[in-house]
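**Q** The structure under discussion is supplied below as C-alpha cells; questions concerning it will follow.
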Amino acid sequence: MENKPTAADEVSKSDVEWQETLSPQEYRVLRQRGTEPAWSHPFNEEHREGHFLCAGCGAPLFSSDAKYDSGSGWPSYFAPLEHAVDITVDRRHGMVRTEVHCRRCGGHLGHVFEDGPTPTGLRYCTNGTSLKFQPTTT
C-alpha cells in the first residue's frame with residue numbers, strides 16, 4: 001500500500017470542523033490527546049488481514065502484519081507503514097514519552113516505547129479509537 005504523503009495530502013480543519021466530523025470519543029483522543037481505558041477497544045482482538053487507518057482522515061497507518069498482542073490493553077504494532085506517522089516529545093503527566101501522530105492530519109494516536117518485539121524492538125501503543133480497520137479483500 002503506497003503511503004508517501006505530499007503537502008496536498010495534508011488534512012487541516014478548524015477545531016469546530018473536527019468536532020463536527022468526529023464522534024466525541026474520537027475528538028477527545030485524536031484532537032485532545034486523550035487515552036481510552038486499557039482493554040476497552042475491540043481492535044485488541046482484531047486479527048483479520050488488512051490495514052488500520054486514521055479515524056480522523058483515513059490515512060493508512062499500520063498493517064495487520066505488524067500487529068501483535070503486547071499485553072498492554074491497547075492495540076500494538078512493531079512498526080507503522082512507511083511515511084505514516086510523526087513523533088513528538090510528550091512531557092505531560094510528569095514523564096517523558098514519545099507521542100505518535102498521524103502524519104497526514106496530526107491526530108494523536110498514542111505513544112511508542114522501546115520494549116517491542118523484533119524486528120524493530122518498538123511498541124506503537126495505539127488508541128483503538130484513533131483507528132478504523134479496512135480488511136484486505138480477496
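As shown in the C-alpha cells, the chain order sets the letters A, B, ...; within each chain, residues go from 1, and ligands are also counted from 1 in the order they appear.
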If we count only C-alpha atoms and set the cut-off at 6 Å, which residues sit around A:His111, ignoring sequence neighbours fewer than 6 positions away in its own chain? Please answer as a PyMOL selection string.

**A** chain A and resi 98-100+124-125

**Q** Export, as a PDB file, in the first residue's frame, the selected residues with N, CA and C atoms.

**A**
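File result23.pdb, as written:
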ATOM      1  N   THR A  98       7.398   9.360  23.992  1.00  0.00           N
ATOM      2  CA  THR A  98       7.396   9.693  22.579  1.00  0.00           C
ATOM      3  C   THR A  98       5.976   9.517  22.054  1.00  0.00           C
ATOM      4  N   GLU A  99       5.361  10.627  21.678  1.00  0.00           N
ATOM      5  CA  GLU A  99       3.979  10.629  21.198  1.00  0.00           C
ATOM      6  C   GLU A  99       3.945  10.385  19.698  1.00  0.00           C
ATOM      7  N   VAL A 100       2.956   9.635  19.253  1.00  0.00           N
ATOM      8  CA  VAL A 100       2.803   9.282  17.842  1.00  0.00           C
ATOM      9  C   VAL A 100       1.568   9.983  17.288  1.00  0.00           C
ATOM     10  N   TYR A 124       4.351   0.386  19.256  1.00  0.00           N
ATOM     11  CA  TYR A 124       3.464   1.512  18.993  1.00  0.00           C
ATOM     12  C   TYR A 124       2.150   1.196  19.689  1.00  0.00           C
ATOM     13  N   CYS A 125       1.992   1.757  20.870  1.00  0.00           N
ATOM     14  CA  CYS A 125       0.829   1.525  21.725  1.00  0.00           C
ATOM     15  C   CYS A 125      -0.233   2.545  21.301  1.00  0.00           C
TER      16      CYS A 125
END

**Q** Show which residues sit within 12 Å of stretch 81-85 of chain A, as a PDB file with C-alpha atoms, in the first residue's frame. Count only C-alpha atoms, and ignore same-chain residues fewer than 3 positions away.

**A**
ATOM      1  CA  MET A   1       0.000   0.000   0.000  1.00  0.00           C
ATOM      2  CA  GLU A   2       1.681   3.249  -1.159  1.00  0.00           C
ATOM      3  CA  ASN A   3       1.608   5.811   1.596  1.00  0.00           C
ATOM      4  CA  LYS A   4       4.057   8.612   0.772  1.00  0.00           C
ATOM      5  CA  PRO A   5       2.124  11.823   1.508  1.00  0.00           C
ATOM      6  CA  THR A   6       2.591  15.116  -0.242  1.00  0.00           C
ATOM      7  CA  ASP A   9      -2.483  15.299   1.047  1.00  0.00           C
ATOM      8  CA  GLU A  10      -2.345  17.084   4.403  1.00  0.00           C
ATOM      9  CA  HIS A  51      -4.834  -2.045   7.310  1.00  0.00           C
ATOM     10  CA  PHE A  52      -5.552   0.229  10.243  1.00  0.00           C
ATOM     11  CA  LEU A  53      -6.401   3.742   9.081  1.00  0.00           C
ATOM     12  CA  CYS A  54      -6.562   7.077  10.879  1.00  0.00           C
ATOM     13  CA  CYS A  57      -8.548  11.406   7.900  1.00  0.00           C
ATOM     14  CA  GLY A  58      -8.453   7.826   6.592  1.00  0.00           C
ATOM     15  CA  ALA A  59      -4.684   7.705   6.029  1.00  0.00           C
ATOM     16  CA  PRO A  60      -3.229   4.174   6.182  1.00  0.00           C
ATOM     17  CA  LEU A  61      -1.147   3.863   9.369  1.00  0.00           C
ATOM     18  CA  PHE A  62      -0.436   0.219  10.250  1.00  0.00           C
ATOM     19  CA  SER A  63      -0.596  -3.165   8.550  1.00  0.00           C
ATOM     20  CA  SER A  64      -2.099  -6.142  10.343  1.00  0.00           C
ATOM     21  CA  ASP A  65       1.252  -7.836   9.595  1.00  0.00           C
ATOM     22  CA  ALA A  66       2.872  -5.559  12.220  1.00  0.00           C
ATOM     23  CA  LYS A  67       0.163  -6.035  14.879  1.00  0.00           C
ATOM     24  CA  TYR A  77       2.279  -2.661  16.368  1.00  0.00           C
ATOM     25  CA  PHE A  78       6.027  -3.091  15.967  1.00  0.00           C
ATOM     26  CA  THR A  88       6.997  14.363  19.180  1.00  0.00           C
ATOM     27  CA  THR A  98       7.396   9.693  22.579  1.00  0.00           C
ATOM     28  CA  GLU A  99       3.979  10.629  21.198  1.00  0.00           C
ATOM     29  CA  VAL A 100       2.803   9.282  17.842  1.00  0.00           C
ATOM     30  CA  HIS A 101       0.654  11.334  15.441  1.00  0.00           C
ATOM     31  CA  CYS A 102      -0.908  10.727  12.049  1.00  0.00           C
ATOM     32  CA  ARG A 103       1.419  12.427   9.586  1.00  0.00           C
ATOM     33  CA  ARG A 104      -1.495  13.498   7.375  1.00  0.00           C
ATOM     34  CA  CYS A 105      -3.811  15.191   9.919  1.00  0.00           C
ATOM     35  CA  GLY A 106      -1.765  15.381  13.120  1.00  0.00           C
ATOM     36  CA  GLY A 107      -4.239  13.271  15.086  1.00  0.00           C
ATOM     37  CA  HIS A 108      -2.935  11.782  18.343  1.00  0.00           C
ATOM     38  CA  LEU A 109      -2.580   8.001  18.035  1.00  0.00           C
ATOM     39  CA  GLY A 110      -0.728   7.014  21.202  1.00  0.00           C
ATOM     40  CA  HIS A 111       2.910   6.510  22.194  1.00  0.00           C
ATOM     41  CA  VAL A 112       5.881   4.424  21.090  1.00  0.00           C
ATOM     42  CA  TYR A 124       3.464   1.512  18.993  1.00  0.00           C
ATOM     43  CA  THR A 126      -2.211   2.930  19.943  1.00  0.00           C
TER      44      THR A 126
END

**Q** From a DSSP calculation on the backbone, collect every residue of chain A in strand (DSSP E or B) and output the set as an MDAnalysis selection string.

**A** chainID A and resid 50:54 60:63 67:68 76:77 85:90 97:102 108:113 123:126 131:135

**Q** Just how far from atom CA of A:Glu49 is atom CA of A:Pro135, in Å to one decimal?

**A** 5.8 Å

**Q** Excluding A:Trp18 and its own-chain neighbours fewer than 6 positions away, which residues fall within 9 Å of it when counting only C-alpha atoms? Please give them as a list in words.

**A**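 Final neighbour list, sorted by chain and number: Tyr27, Arg31 and Gly56 of chain A.
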
**Q** Among stretch 13-119 of chain A, which ones does DSSP assign to alpha helix (DSSP H) (computed from the backbone)? Answer as a PyMOL selection string.

**A** chain A and resi 15-21+24-30

**Q** So that I can check the surroundings of A:Pro37, please list as an NGL selection string every protein, DNA and RNA residue that reaches within 9 Å of it, counting only C-alpha atoms and ignoring chain neighbours fewer than 6 positions away.

**A** :A and (73-74 or 127)

**Q** Between A:Glu17, A:Glu26, A:Asp69, A:Asp115, which has the minimum distance to A:Trp39 (counting only C-alpha atoms)?

**A** A:Asp69
